[in-house]
file protein.cif (mmCIF, C-alpha atoms and all ligand atoms)
data_model
#
loop_
_atom_site.label_atom_id
_atom_site.label_comp_id
_atom_site.auth_asym_id
_atom_site.auth_seq_id
_atom_site.Cartn_x
_atom_site.Cartn_y
_atom_site.Cartn_z
CA MET A 233 -65.82 64.39 -159.71
CA VAL A 234 -63.00 66.19 -161.43
CA SER A 235 -62.08 64.80 -164.82
CA LEU A 236 -58.72 65.09 -166.53
CA THR A 237 -60.18 67.47 -169.06
CA ASP A 238 -60.99 69.95 -166.26
CA VAL A 239 -57.30 70.60 -165.84
CA SER A 240 -56.56 73.52 -168.13
CA PRO A 241 -52.92 74.20 -168.87
CA LEU A 242 -53.24 77.64 -167.30
CA ARG A 243 -54.68 76.27 -164.07
CA ALA A 244 -52.11 73.52 -164.07
CA ARG A 245 -49.45 76.18 -164.66
CA ARG A 246 -50.33 77.88 -161.38
CA ASN A 247 -49.30 74.74 -159.58
CA ILE A 248 -46.29 73.91 -161.68
CA PRO A 249 -43.65 76.26 -162.97
CA CYS A 250 -43.50 75.29 -166.62
CA ALA A 251 -45.04 73.50 -169.59
CA SER A 252 -42.25 71.09 -169.94
CA LEU A 253 -40.46 69.98 -166.86
CA PHE A 254 -42.49 69.81 -163.69
CA PRO A 255 -44.99 67.49 -161.96
CA MET A 256 -48.70 67.75 -162.73
CA THR A 257 -51.62 68.53 -160.43
CA GLN A 258 -53.20 66.34 -157.79
CA VAL A 259 -55.87 65.27 -160.25
CA PHE A 260 -53.23 63.60 -162.36
CA ALA A 261 -51.50 62.27 -159.27
CA ARG A 262 -54.65 60.41 -158.27
CA SER A 263 -54.86 58.72 -161.67
CA LYS A 264 -51.12 58.18 -161.92
CA HIS A 265 -51.47 54.42 -162.05
CA PHE A 266 -53.05 54.70 -165.49
CA LEU A 267 -50.71 57.27 -167.00
CA SER A 268 -47.33 57.32 -168.66
CA ASP A 269 -44.64 59.05 -166.61
CA LYS A 270 -43.84 61.17 -169.65
CA VAL A 271 -47.13 63.05 -169.67
CA GLU A 272 -46.53 64.21 -166.11
CA HIS A 273 -43.73 66.40 -167.33
CA PHE A 274 -45.68 68.80 -169.52
CA THR A 275 -49.10 70.44 -169.80
CA GLU A 276 -51.41 70.90 -172.75
CA SER A 277 -50.55 73.79 -175.04
CA VAL A 278 -51.18 77.19 -173.47
CA ILE A 279 -51.43 78.70 -176.97
CA ARG A 280 -54.37 76.49 -177.85
CA GLU A 281 -55.92 76.98 -174.38
CA MET A 282 -55.90 80.74 -175.05
CA THR A 283 -57.86 80.15 -178.27
CA ARG A 284 -60.50 78.29 -176.25
CA GLN A 285 -60.61 81.21 -173.79
CA ALA A 286 -60.90 83.70 -176.66
CA MET A 287 -64.00 81.80 -177.81
CA GLN A 288 -65.40 81.62 -174.28
CA TYR A 289 -65.06 85.39 -173.70
CA ASN A 290 -65.78 86.44 -177.28
CA ALA A 291 -62.37 88.07 -177.38
CA VAL A 292 -60.26 89.11 -180.37
CA ASN A 293 -57.91 86.16 -180.75
CA LEU A 294 -54.36 87.45 -181.07
CA ALA A 295 -53.11 84.34 -179.23
CA GLN A 296 -52.82 81.35 -181.55
CA GLY A 297 -50.97 82.03 -184.79
CA PHE A 298 -53.55 81.30 -187.45
CA PRO A 299 -54.89 83.67 -190.11
CA ASP A 300 -58.53 84.80 -189.88
CA PHE A 301 -58.57 85.63 -193.61
CA SER A 302 -59.03 83.46 -196.72
CA ALA A 303 -56.46 81.13 -198.19
CA PRO A 304 -55.45 81.85 -201.83
CA ALA A 305 -58.29 80.98 -204.26
CA GLU A 306 -55.97 78.95 -206.55
CA ILE A 307 -55.02 76.52 -203.85
CA LYS A 308 -58.56 76.13 -202.54
CA ARG A 309 -59.59 75.31 -206.10
CA ALA A 310 -56.75 72.78 -206.39
CA ALA A 311 -57.99 71.06 -203.20
CA GLN A 312 -61.57 70.95 -204.51
CA GLU A 313 -60.41 69.57 -207.85
CA ALA A 314 -58.34 66.88 -206.13
CA ILE A 315 -61.36 65.72 -204.11
CA GLU A 316 -63.61 65.92 -207.17
CA SER A 317 -61.19 63.81 -209.20
CA ASP A 318 -61.16 61.26 -206.38
CA VAL A 319 -57.80 61.72 -204.79
CA ASN A 320 -59.52 60.47 -201.68
CA GLN A 321 -57.51 57.45 -200.59
CA TYR A 322 -54.16 57.20 -198.85
CA ALA A 323 -51.28 58.92 -200.55
CA ILE A 324 -47.92 57.11 -200.46
CA THR A 325 -47.01 57.08 -196.78
CA TRP A 326 -44.10 59.47 -197.13
CA GLY A 327 -45.97 61.86 -199.42
CA ALA A 328 -47.53 62.33 -202.86
CA LYS A 329 -44.92 62.47 -205.57
CA SER A 330 -46.24 65.80 -206.91
CA LEU A 331 -45.76 67.46 -203.51
CA ARG A 332 -42.34 65.93 -202.84
CA THR A 333 -41.20 67.07 -206.28
CA ALA A 334 -42.48 70.61 -205.63
CA ILE A 335 -40.72 70.69 -202.22
CA ALA A 336 -37.41 69.62 -203.81
CA LYS A 337 -37.80 72.22 -206.56
CA GLN A 338 -38.53 75.03 -204.09
CA MET A 339 -35.50 74.15 -201.95
CA GLN A 340 -33.32 74.16 -205.07
CA ASP A 341 -34.76 77.43 -206.40
CA ARG A 342 -34.76 79.38 -203.14
CA GLN A 343 -31.80 78.00 -201.21
CA GLY A 344 -29.73 76.23 -203.86
CA ILE A 345 -30.09 72.93 -201.96
CA GLU A 346 -30.33 69.86 -204.15
CA VAL A 347 -32.92 67.41 -202.78
CA ASP A 348 -33.85 63.95 -204.07
CA PRO A 349 -37.65 63.82 -203.74
CA GLU A 350 -37.56 60.00 -203.79
CA LYS A 351 -35.12 59.58 -200.93
CA GLU A 352 -34.98 62.77 -198.90
CA VAL A 353 -38.53 64.02 -198.22
CA VAL A 354 -41.20 62.90 -195.75
CA VAL A 355 -44.60 64.60 -195.88
CA CYS A 356 -46.30 64.64 -192.47
CA CYS A 357 -49.45 65.91 -190.76
CA GLY A 358 -48.11 69.41 -190.30
CA SER A 359 -44.62 70.51 -189.35
CA THR A 360 -45.68 69.62 -185.81
CA GLU A 361 -45.69 65.94 -186.71
CA ALA A 362 -42.52 66.37 -188.79
CA MET A 363 -40.74 67.73 -185.69
CA ILE A 364 -41.83 64.99 -183.29
CA ALA A 365 -41.36 62.23 -185.88
CA THR A 366 -37.82 63.54 -186.42
CA LEU A 367 -37.01 63.62 -182.71
CA LEU A 368 -38.46 60.14 -182.23
CA ALA A 369 -36.38 58.96 -185.17
CA VAL A 370 -33.05 60.36 -183.98
CA CYS A 371 -33.11 60.46 -180.16
CA ASN A 372 -32.20 57.79 -177.65
CA ALA A 373 -32.90 57.96 -173.93
CA GLY A 374 -30.37 60.26 -172.32
CA ASP A 375 -29.67 62.31 -175.44
CA GLU A 376 -29.78 66.07 -175.12
CA VAL A 377 -31.35 68.54 -177.52
CA VAL A 378 -30.26 72.19 -177.51
CA VAL A 379 -33.17 74.65 -177.74
CA PHE A 380 -33.03 78.45 -177.87
CA GLU A 381 -35.22 80.11 -175.24
CA PRO A 382 -37.82 81.62 -175.49
CA PHE A 383 -38.95 78.67 -177.60
CA TYR A 384 -42.04 77.56 -179.45
CA GLU A 385 -43.83 75.56 -176.79
CA ASN A 386 -43.91 72.21 -178.68
CA TYR A 387 -40.16 71.62 -178.53
CA GLY A 388 -40.01 70.82 -174.79
CA PRO A 389 -42.78 68.17 -174.86
CA ASP A 390 -41.42 66.84 -178.20
CA ALA A 391 -38.00 66.28 -176.61
CA ILE A 392 -39.51 64.65 -173.52
CA LEU A 393 -41.77 62.34 -175.56
CA SER A 394 -38.77 61.21 -177.57
CA GLY A 395 -36.77 60.45 -174.42
CA ALA A 396 -34.39 63.39 -174.77
CA LYS A 397 -33.56 66.19 -172.37
CA PRO A 398 -33.88 69.77 -173.61
CA ARG A 399 -30.93 72.06 -172.79
CA TYR A 400 -31.83 75.72 -173.11
CA VAL A 401 -29.74 78.62 -174.44
CA SER A 402 -31.05 82.15 -173.84
CA LEU A 403 -32.01 84.54 -176.55
CA ARG A 404 -31.56 87.97 -174.98
CA PRO A 405 -34.03 90.73 -175.85
CA PRO A 406 -32.82 93.89 -177.55
CA GLN A 407 -32.41 97.18 -175.68
CA PRO A 408 -35.41 99.56 -175.60
CA SER A 409 -33.65 101.60 -178.27
CA GLY A 410 -34.05 98.66 -180.70
CA GLY A 411 -31.84 95.97 -182.16
CA GLU A 412 -31.89 92.21 -182.40
CA TRP A 413 -32.38 89.30 -180.03
CA THR A 414 -28.92 87.83 -179.49
CA PHE A 415 -27.29 84.85 -177.80
CA ASP A 416 -24.01 84.44 -176.04
CA GLU A 417 -21.44 82.40 -177.96
CA GLN A 418 -19.97 80.89 -174.81
CA GLU A 419 -23.37 79.88 -173.47
CA LEU A 420 -24.15 78.15 -176.76
CA ARG A 421 -20.77 76.43 -176.83
CA HIS A 422 -21.31 75.29 -173.27
CA ALA A 423 -24.66 73.69 -174.21
CA PHE A 424 -22.89 71.28 -176.58
CA GLN A 425 -21.95 68.30 -174.44
CA ARG A 426 -21.08 64.65 -174.76
CA HIS A 427 -24.76 63.62 -174.95
CA THR A 428 -25.90 66.37 -177.33
CA LYS A 429 -27.73 64.77 -180.25
CA ALA A 430 -29.27 67.79 -181.95
CA ILE A 431 -29.96 71.50 -181.87
CA ILE A 432 -33.37 72.90 -182.86
CA VAL A 433 -33.12 76.15 -184.80
CA ASN A 434 -36.35 77.99 -185.55
CA THR A 435 -35.73 80.83 -187.98
CA PRO A 436 -37.61 83.11 -188.57
CA ASN A 437 -38.30 82.60 -184.89
CA ASN A 438 -41.49 82.14 -182.93
CA PRO A 439 -42.06 83.94 -180.53
CA THR A 440 -39.28 86.55 -180.87
CA GLY A 441 -39.40 87.37 -184.59
CA LYS A 442 -35.62 86.94 -184.74
CA VAL A 443 -34.12 85.96 -188.09
CA PHE A 444 -30.80 84.19 -187.51
CA ASN A 445 -28.05 85.81 -189.57
CA ARG A 446 -25.27 84.08 -191.46
CA LYS A 447 -22.67 84.65 -188.77
CA GLU A 448 -24.90 83.10 -186.09
CA LEU A 449 -25.74 80.15 -188.32
CA GLU A 450 -22.07 79.63 -189.12
CA LEU A 451 -21.30 79.47 -185.42
CA ILE A 452 -24.06 76.87 -184.97
CA ARG A 453 -22.64 75.00 -187.96
CA ASP A 454 -19.12 75.01 -186.49
CA LEU A 455 -20.41 73.61 -183.18
CA CYS A 456 -22.52 70.94 -184.91
CA VAL A 457 -19.48 69.80 -186.89
CA GLU A 458 -17.12 69.96 -183.92
CA TYR A 459 -19.46 67.97 -181.63
CA ASN A 460 -20.97 65.76 -184.35
CA VAL A 461 -24.48 67.04 -183.69
CA LEU A 462 -27.57 67.22 -185.93
CA ALA A 463 -29.45 70.43 -186.68
CA ILE A 464 -33.24 70.24 -186.83
CA THR A 465 -34.54 73.45 -188.33
CA ASP A 466 -38.09 74.73 -188.14
CA GLU A 467 -38.42 77.06 -191.15
CA ILE A 468 -42.21 77.34 -191.21
CA TYR A 469 -42.02 81.19 -191.39
CA GLU A 470 -39.45 81.12 -194.22
CA HIS A 471 -41.44 83.46 -196.45
CA ILE A 472 -42.50 85.95 -193.78
CA LEU A 473 -39.59 88.42 -193.56
CA TYR A 474 -39.34 92.17 -192.96
CA ASP A 475 -36.86 95.03 -193.21
CA GLY A 476 -34.71 93.27 -195.81
CA SER A 477 -33.97 90.22 -193.63
CA GLU A 478 -32.79 87.16 -195.49
CA HIS A 479 -33.79 83.59 -194.68
CA ILE A 480 -30.81 81.23 -194.74
CA SER A 481 -31.43 77.48 -194.45
CA LEU A 482 -28.76 75.87 -192.27
CA ALA A 483 -28.65 72.94 -194.72
CA ARG A 484 -27.15 75.28 -197.29
CA LEU A 485 -24.02 76.05 -195.26
CA ASP A 486 -20.89 74.01 -196.02
CA GLY A 487 -20.77 70.91 -193.86
CA MET A 488 -24.45 70.94 -192.91
CA ARG A 489 -26.27 69.19 -195.74
CA ASP A 490 -25.61 65.74 -194.25
CA ARG A 491 -26.48 66.67 -190.69
CA THR A 492 -29.56 68.87 -191.10
CA ILE A 493 -33.24 68.00 -191.03
CA THR A 494 -35.17 70.89 -192.57
CA ILE A 495 -38.79 71.17 -191.46
CA ASN A 496 -41.40 73.28 -193.17
CA GLY A 497 -45.07 73.17 -194.14
CA LEU A 498 -48.02 74.75 -195.90
CA SER A 499 -49.66 76.30 -192.83
CA LYS A 500 -48.07 79.72 -192.58
CA SER A 501 -46.90 80.35 -196.14
CA TYR A 502 -50.33 79.62 -197.65
CA SER A 503 -52.65 80.47 -194.72
CA VAL A 504 -53.95 76.90 -194.33
CA THR A 505 -53.08 75.95 -190.75
CA GLY A 506 -56.02 73.51 -190.59
CA TRP A 507 -54.88 71.43 -193.55
CA ARG A 508 -52.11 69.81 -191.53
CA VAL A 509 -49.55 69.33 -194.26
CA GLY A 510 -45.86 69.71 -193.40
CA TRP A 511 -42.61 67.94 -194.22
CA ALA A 512 -39.07 67.07 -193.27
CA VAL A 513 -36.16 67.06 -195.71
CA ALA A 514 -33.10 65.07 -194.60
CA PRO A 515 -30.28 62.88 -195.90
CA PRO A 516 -31.55 59.42 -197.03
CA ALA A 517 -30.67 57.40 -193.90
CA ILE A 518 -32.36 59.90 -191.59
CA THR A 519 -35.29 60.24 -193.98
CA ASN A 520 -35.77 56.47 -193.81
CA ALA A 521 -35.92 56.57 -190.04
CA ILE A 522 -38.39 59.49 -190.04
CA ARG A 523 -40.53 57.70 -192.65
CA LYS A 524 -40.77 54.64 -190.41
CA VAL A 525 -41.90 56.68 -187.40
CA HIS A 526 -44.33 58.70 -189.51
CA ASP A 527 -45.79 55.55 -191.07
CA PHE A 528 -46.83 54.20 -187.70
CA LEU A 529 -47.83 57.54 -186.20
CA THR A 530 -50.27 58.76 -188.84
CA VAL A 531 -49.85 56.68 -192.05
CA GLY A 532 -50.01 59.83 -194.10
CA ALA A 533 -51.10 63.44 -194.49
CA PRO A 534 -54.45 64.23 -196.21
CA ALA A 535 -54.09 63.10 -199.84
CA PRO A 536 -56.13 65.78 -201.67
CA LEU A 537 -54.48 68.54 -199.64
CA GLN A 538 -51.07 67.25 -200.66
CA GLU A 539 -52.08 67.75 -204.31
CA ALA A 540 -53.21 71.27 -203.46
CA GLY A 541 -49.90 71.72 -201.66
CA ALA A 542 -48.04 70.99 -204.89
CA ALA A 543 -50.10 73.75 -206.56
CA ALA A 544 -49.29 76.08 -203.65
CA LEU A 545 -45.55 75.54 -203.89
CA ASN A 546 -45.70 76.34 -207.58
CA LEU A 547 -47.23 79.81 -207.02
CA PRO A 548 -45.18 82.59 -208.68
CA ALA A 549 -42.53 84.60 -206.81
CA ASN A 550 -44.75 87.68 -206.49
CA TYR A 551 -47.12 85.65 -204.25
CA TYR A 552 -44.40 85.55 -201.58
CA ARG A 553 -43.49 89.21 -202.00
CA GLU A 554 -47.12 90.18 -201.47
CA LEU A 555 -47.49 87.82 -198.52
CA ALA A 556 -44.51 89.39 -196.71
CA GLU A 557 -45.63 92.90 -197.57
CA ARG A 558 -49.15 92.29 -196.23
CA TYR A 559 -47.68 90.96 -192.99
CA ARG A 560 -45.38 93.98 -192.73
CA THR A 561 -48.44 96.23 -192.96
CA ARG A 562 -50.16 94.22 -190.22
CA ARG A 563 -47.07 94.37 -188.00
CA ASP A 564 -46.92 98.13 -188.49
CA HIS A 565 -50.63 98.35 -187.71
CA LEU A 566 -50.53 96.44 -184.40
CA ILE A 567 -47.25 97.65 -182.89
CA PRO A 568 -48.19 101.35 -182.58
CA ALA A 569 -51.54 100.39 -181.00
CA LEU A 570 -49.74 98.21 -178.45
CA GLU A 571 -47.14 100.89 -177.75
CA LYS A 572 -49.83 103.51 -177.27
CA ALA A 573 -51.49 101.25 -174.72
CA GLY A 574 -48.24 100.89 -172.73
CA PHE A 575 -46.59 97.72 -174.06
CA ARG A 576 -42.92 97.72 -174.96
CA CYS A 577 -42.68 95.85 -178.26
CA TYR A 578 -39.77 93.82 -179.59
CA ARG A 579 -40.07 94.54 -183.28
CA PRO A 580 -40.02 91.26 -185.25
CA ARG A 581 -37.83 90.84 -188.36
CA GLY A 582 -39.78 87.77 -189.43
CA ALA A 583 -42.75 85.50 -188.58
CA TYR A 584 -46.04 87.03 -187.46
CA TYR A 585 -45.78 87.55 -183.71
CA VAL A 586 -44.76 90.42 -181.53
CA MET A 587 -43.27 89.71 -178.10
CA THR A 588 -43.96 92.51 -175.66
CA ASP A 589 -42.84 93.64 -172.23
CA ILE A 590 -45.75 94.29 -169.86
CA SER A 591 -43.89 95.79 -166.87
CA ALA A 592 -45.75 99.10 -167.29
CA PHE A 593 -49.00 97.43 -166.23
CA ALA A 594 -47.63 96.29 -162.85
CA PHE A 595 -49.26 92.84 -162.91
CA ALA A 596 -47.68 90.12 -160.77
CA SER A 597 -47.46 87.73 -163.70
CA ASP A 598 -48.05 87.25 -167.40
CA VAL A 599 -50.74 84.64 -166.63
CA GLU A 600 -52.72 87.11 -164.49
CA PHE A 601 -52.29 89.79 -167.12
CA ALA A 602 -53.41 87.47 -169.95
CA ALA A 603 -56.46 86.43 -167.91
CA TYR A 604 -57.35 90.08 -167.31
CA LEU A 605 -56.81 90.97 -170.96
CA VAL A 606 -59.04 88.20 -172.29
CA LYS A 607 -61.87 88.65 -169.76
CA GLU A 608 -61.96 92.38 -169.15
CA ILE A 609 -60.51 93.88 -172.33
CA GLY A 610 -61.57 91.19 -174.80
CA ILE A 611 -58.19 90.38 -176.35
CA ALA A 612 -56.47 87.00 -176.15
CA CYS A 613 -52.67 86.87 -176.08
CA VAL A 614 -50.20 84.16 -175.04
CA PRO A 615 -48.55 84.49 -171.60
CA GLY A 616 -44.78 84.79 -172.03
CA SER A 617 -44.02 82.05 -169.49
CA SER A 618 -45.22 79.39 -171.93
CA PHE A 619 -42.08 80.09 -173.97
CA TYR A 620 -39.65 79.62 -171.07
CA LYS A 621 -38.45 76.75 -168.92
CA HIS A 622 -38.77 78.85 -165.76
CA PRO A 623 -42.06 80.80 -165.79
CA LYS A 624 -40.47 83.72 -163.96
CA ASP A 625 -38.35 84.45 -167.05
CA GLY A 626 -41.49 85.18 -169.06
CA ALA A 627 -43.51 86.67 -166.22
CA GLN A 628 -43.40 90.17 -167.69
CA GLN A 629 -43.91 89.23 -171.34
CA VAL A 630 -46.87 88.34 -173.52
CA ARG A 631 -47.03 87.48 -177.24
CA PHE A 632 -49.52 88.81 -179.79
CA ALA A 633 -50.12 87.31 -183.24
CA PHE A 634 -50.86 89.74 -186.07
CA CYS A 635 -51.85 87.27 -188.81
CA LYS A 636 -55.29 88.85 -188.79
CA LYS A 637 -57.54 90.97 -191.03
CA PRO A 638 -57.03 94.74 -190.76
CA GLU A 639 -60.51 95.02 -189.22
CA THR A 640 -59.57 92.47 -186.54
CA LEU A 641 -56.47 94.52 -185.71
CA ASP A 642 -58.61 97.70 -185.70
CA GLU A 643 -60.97 96.10 -183.21
CA ALA A 644 -58.02 95.03 -181.05
CA ALA A 645 -56.65 98.60 -181.17
CA ARG A 646 -60.07 99.93 -180.13
CA ARG A 647 -60.25 97.52 -177.18
CA LEU A 648 -56.68 98.35 -176.17
CA GLN A 649 -57.76 101.93 -175.50
CA LYS A 650 -59.89 100.55 -172.69
CA LEU A 651 -56.80 98.92 -171.21
CA LYS A 652 -55.12 102.26 -171.00
CA THR A 653 -58.03 103.94 -169.25
CA HIS A 654 -58.19 101.08 -166.74
CA LEU A 655 -54.72 101.90 -165.45
N1 LIG A 701 -47.53 78.18 -184.34
C1 LIG A 701 -48.75 78.69 -183.80
C2 LIG A 701 -48.48 79.60 -182.63
O1 LIG A 701 -47.37 79.69 -182.16
C3 LIG A 701 -49.70 77.66 -183.33
C4 LIG A 701 -49.46 76.33 -183.83
C5 LIG A 701 -50.40 75.36 -183.27
O2 LIG A 701 -51.22 75.65 -182.41
N2 LIG A 701 -50.25 74.18 -183.75
O3 LIG A 701 -49.39 80.23 -182.18
#
call {"tool": "encode", "arguments": {"input": "protein.cif", "output": "structure tokens", "more": "lines below"}}
Ligand code: GLN
result
Amino acid sequence: MVSLTDVSPLRARRNIPCASLFPMTQVFARSKHFLSDKVEHFTESVIREMTRQAMQYNAVNLAQGFPDFSAPAEIKRAAQEAIESDVNQYAITWGAKSLRTAIAKQMQDRQGIEVDPEKEVVVCCGSTEAMIATLLAVCNAGDEVVVFEPFYENYGPDAILSGAKPRYVSLRPPQPSGGEWTFDEQELRHAFQRHTKAIIVNTPNNPTGKVFNRKELELIRDLCVEYNVLAITDEIYEHILYDGSEHISLARLDGMRDRTITINGLSKSYSVTGWRVGWAVAPPAITNAIRKVHDFLTVGAPAPLQEAGAAALNLPANYYRELAERYRTRRDHLIPALEKAGFRCYRPRGAYYVMTDISAFAFASDVEFAAYLVKEIGIACVPGSSFYKHPKDGAQQVRFAFCKKPETLDEAARRLQKLKTHL
């Protein structure tokens, strides 16, 4: 008998065009009576499936974006001390005061945004929960949410689970000669409609590495104001910037403070993706709504790790400079190895992923290529189609994560040489 767990997102993907919008396999159809209609419209995460495949084939995991190196000693110590001193029961549902205060201080110091930690912060189980709790708190059935595409794969299912319909706006890749991912102003304007409730802006961006500039953010601001739309920003890669790029929080632009929900977390800035501590910062009425959803979803994020989070946010400025510099070195380590092997790389300006074009390998699809790469070459990547509504749009792209030790990247580079000789 086939169980539901036998249906991997990649196998399911062969039968359905996309993670977010199409019917599931026969296995699900047979059990339909027991299932919510909503879950038929998306698959499990392909990113996390690729991690399972990396383990199965003993491959170098450049798929899921988590560091394979240690978290900073100070914050590990702070977590141990919190457990030792018995911070082991529920924190206040919407977050420990120490962490909320540190979040407000960092937003003031870095972006000049004044935040009331008592009324405007909700600490969640990762920015993943902050995003879905926000969408559940603001969306009604029939609302639309504008999402730039390629997109981080959670946003589609998040919108569907909250009853909203995602409306996609293309980010267009740069020319081979270099440059930035861009979007068309008219296409964006056209996406704002009568039922538009919110736009999700992820900057620095996963998977493209784009860092939205002031002019682009001002255009988004103008549309949000004109159409009375919220902005939900995912700023989890805020501190990971290259080539002099600047991170601008949308909430800091005139007119946006009262219509922006700013989402962030500990995972990427402090290399603790498994701690599951993230947050949303929003005006009081929206914060209240998010707090209610969060309360009944998870009650609260891990209490001792929230205390350690407060210690993390109080690290000195040079911590962030070194973090970005180390990631720049890793980017500049992986890209030449990929290029040598035949990938065309879209050089990221932020975050820790590189999107690549795989046309040179003449594979029919990204999914087939990723399967070959993990089984035969021993490297896991993420098929590009998982970042697009229509799989064909990502059929010649794959994403690599470079948040890995230099020796992991060396091993990947060594294995990539085999890829070249196979062709
Ligand atoms: N953000 C990470 C990625 O894109 C993964 C996050 C997750 O799996 N929750 O790979």
call {"tool": "atom_distance", "arguments": {"input": "protein.cif", "atom1": "atom CA of Glu554 of chain A", "atom2": "atom CA of Pro436 of chain A"}}
result
17.5 Å
call {"tool": "closest_residue", "arguments": {"input": "protein.cif", "among": "A:Pro516, A:Pro638, A:Gly411, A:Pro406", "to": "Asp348 of chain A", "atoms": "only C-alpha atoms"}}
result
A:Pro516
call {"tool": "closest_atom_pairs", "arguments": {"input": "protein.cif", "of": "chain A", "to": "ligand LIG 701 (chain A)", "cutoff": "8 Å", "atoms": "all atoms listed in the file", "output": "JSON lines"}}
result
{"residue": "A:Ser277", "atom": "CA", "partner": "A:LIG701", "partner_atom": "O2", "distance": 7.6}
{"residue": "A:Ile279", "atom": "CA", "partner": "A:LIG701", "partner_atom": "O3", "distance": 5.8}
{"residue": "A:Arg280", "atom": "CA", "partner": "A:LIG701", "partner_atom": "O2", "distance": 5.6}
{"residue": "A:Ala295", "atom": "CA", "partner": "A:LIG701", "partner_atom": "O3", "distance": 6.3}
{"residue": "A:Gln296", "atom": "CA", "partner": "A:LIG701", "partner_atom": "O3", "distance": 3.7}
{"residue": "A:Gly297", "atom": "CA", "partner": "A:LIG701", "partner_atom": "O3", "distance": 3.5}
{"residue": "A:Phe298", "atom": "CA", "partner": "A:LIG701", "partner_atom": "C1", "distance": 6.6}
{"residue": "A:Thr360", "atom": "CA", "partner": "A:LIG701", "partner_atom": "N2", "distance": 6.8}
{"residue": "A:Tyr384", "atom": "CA", "partner": "A:LIG701", "partner_atom": "O1", "distance": 6.3}
{"residue": "A:Glu385", "atom": "CA", "partner": "A:LIG701", "partner_atom": "O1", "distance": 7.6}
{"residue": "A:Asn438", "atom": "CA", "partner": "A:LIG701", "partner_atom": "O1", "distance": 6.4}
{"residue": "A:Pro439", "atom": "CA", "partner": "A:LIG701", "partner_atom": "O1", "distance": 7.0}
{"residue": "A:Thr505", "atom": "CA", "partner": "A:LIG701", "partner_atom": "N2", "distance": 7.8}
{"residue": "A:Ala633", "atom": "CA", "partner": "A:LIG701", "partner_atom": "O3", "distance": 7.2}
call {"tool": "atom_distance", "arguments": {"input": "protein.cif", "atom1": "atom CA of Arg453 of chain A", "atom2": "atom CA of Met363 of chain A"}}
result
19.6 Å
call {"tool": "residues_around", "arguments": {"input": "protein.cif", "residues": "Trp507 of chain A", "least_positions_apart": "3", "cutoff": "12 Å", "atoms": "all atoms listed in the file", "output": "tab-separated table (two decimals) with C-alpha atoms, in the frame of the given file"}}
result
chain	number	residue	atom	x	y	z
A	298	PHE	CA	-53.55	81.30	-187.45
A	303	ALA	CA	-56.46	81.13	-198.19
A	307	ILE	CA	-55.02	76.52	-203.85
A	308	LYS	CA	-58.56	76.13	-202.54
A	311	ALA	CA	-57.99	71.06	-203.20
A	356	CYS	CA	-46.30	64.64	-192.47
A	357	CYS	CA	-49.45	65.91	-190.76
A	358	GLY	CA	-48.11	69.41	-190.30
A	359	SER	CA	-44.62	70.51	-189.35
A	497	GLY	CA	-45.07	73.17	-194.14
A	498	LEU	CA	-48.02	74.75	-195.90
A	499	SER	CA	-49.66	76.30	-192.83
A	500	LYS	CA	-48.07	79.72	-192.58
A	502	TYR	CA	-50.33	79.62	-197.65
A	503	SER	CA	-52.65	80.47	-194.72
A	504	VAL	CA	-53.95	76.90	-194.33
A	510	GLY	CA	-45.86	69.71	-193.40
A	533	ALA	CA	-51.10	63.44	-194.49
A	534	PRO	CA	-54.45	64.23	-196.21
A	535	ALA	CA	-54.09	63.10	-199.84
A	536	PRO	CA	-56.13	65.78	-201.67
A	537	LEU	CA	-54.48	68.54	-199.64
A	538	GLN	CA	-51.07	67.25	-200.66
A	539	GLU	CA	-52.08	67.75	-204.31
A	540	ALA	CA	-53.21	71.27	-203.46
A	541	GLY	CA	-49.90	71.72	-201.66
call {"tool": "residues_around", "arguments": {"input": "protein.cif", "residues": "Asp527 of chain A", "least_positions_apart": "4", "cutoff": "10 Å", "atoms": "all atoms listed in the file", "output": "ChimeraX atom specification"}}
result
/A:324-326,354,356,365,521-523,531-532
call {"tool": "closest_residue", "arguments": {"input": "protein.cif", "among": "A:Val319, A:Ile472, A:Ile431, A:Ala286", "to": "Ala556 of chain A", "atoms": "all atoms listed in the file"}}
result
A:Ile472
call {"tool": "residues_around", "arguments": {"input": "protein.cif", "residues": "Asn290 of chain A", "least_positions_apart": "5", "cutoff": "12 Å", "atoms": "all atoms listed in the file", "output": "list in words"}}
result
Met282, Thr283, Arg284, Gln285, Leu605, Val606, Lys607, Glu608, Ile609, Gly610, Ile611 and Ala612 of chain A
call {"tool": "residues_around", "arguments": {"input": "protein.cif", "residues": "Arg553 of chain A", "least_positions_apart": "5", "cutoff": "10 Å", "atoms": "all atoms listed in the file", "output": "list of chain:residue names"}}
result
A:His471, A:Ile472, A:Leu473, A:Pro548, A:Arg558
call {"tool": "closest_residue", "arguments": {"input": "protein.cif", "among": "A:Ala573, A:Val586, A:Ile518, A:Ala391", "to": "Lys442 of chain A", "atoms": "only C-alpha atoms"}}
result
A:Val586
call {"tool": "residues_near_point", "arguments": {"input": "protein.cif", "point": "(-37.7, 69.1, -172.6)", "cutoff": "8 Å", "atoms": "all atoms listed in the file", "output": "PyMOL selection string"}}
result
chain A and resi 252-253+387-392+396-399
call {"tool": "closest_residue", "arguments": {"input": "protein.cif", "among": "A:Pro382, A:Asp300, A:Leu367, A:His422", "to": "Thr465 of chain A", "atoms": "all atoms listed in the file"}}
result
A:Leu367
call {"tool": "closest_residue", "arguments": {"input": "protein.cif", "among": "A:Glu448, A:Gly626, A:Ala328, A:Arg489", "to": "Ala514 of chain A", "atoms": "all atoms listed in the file"}}
result
A:Arg489
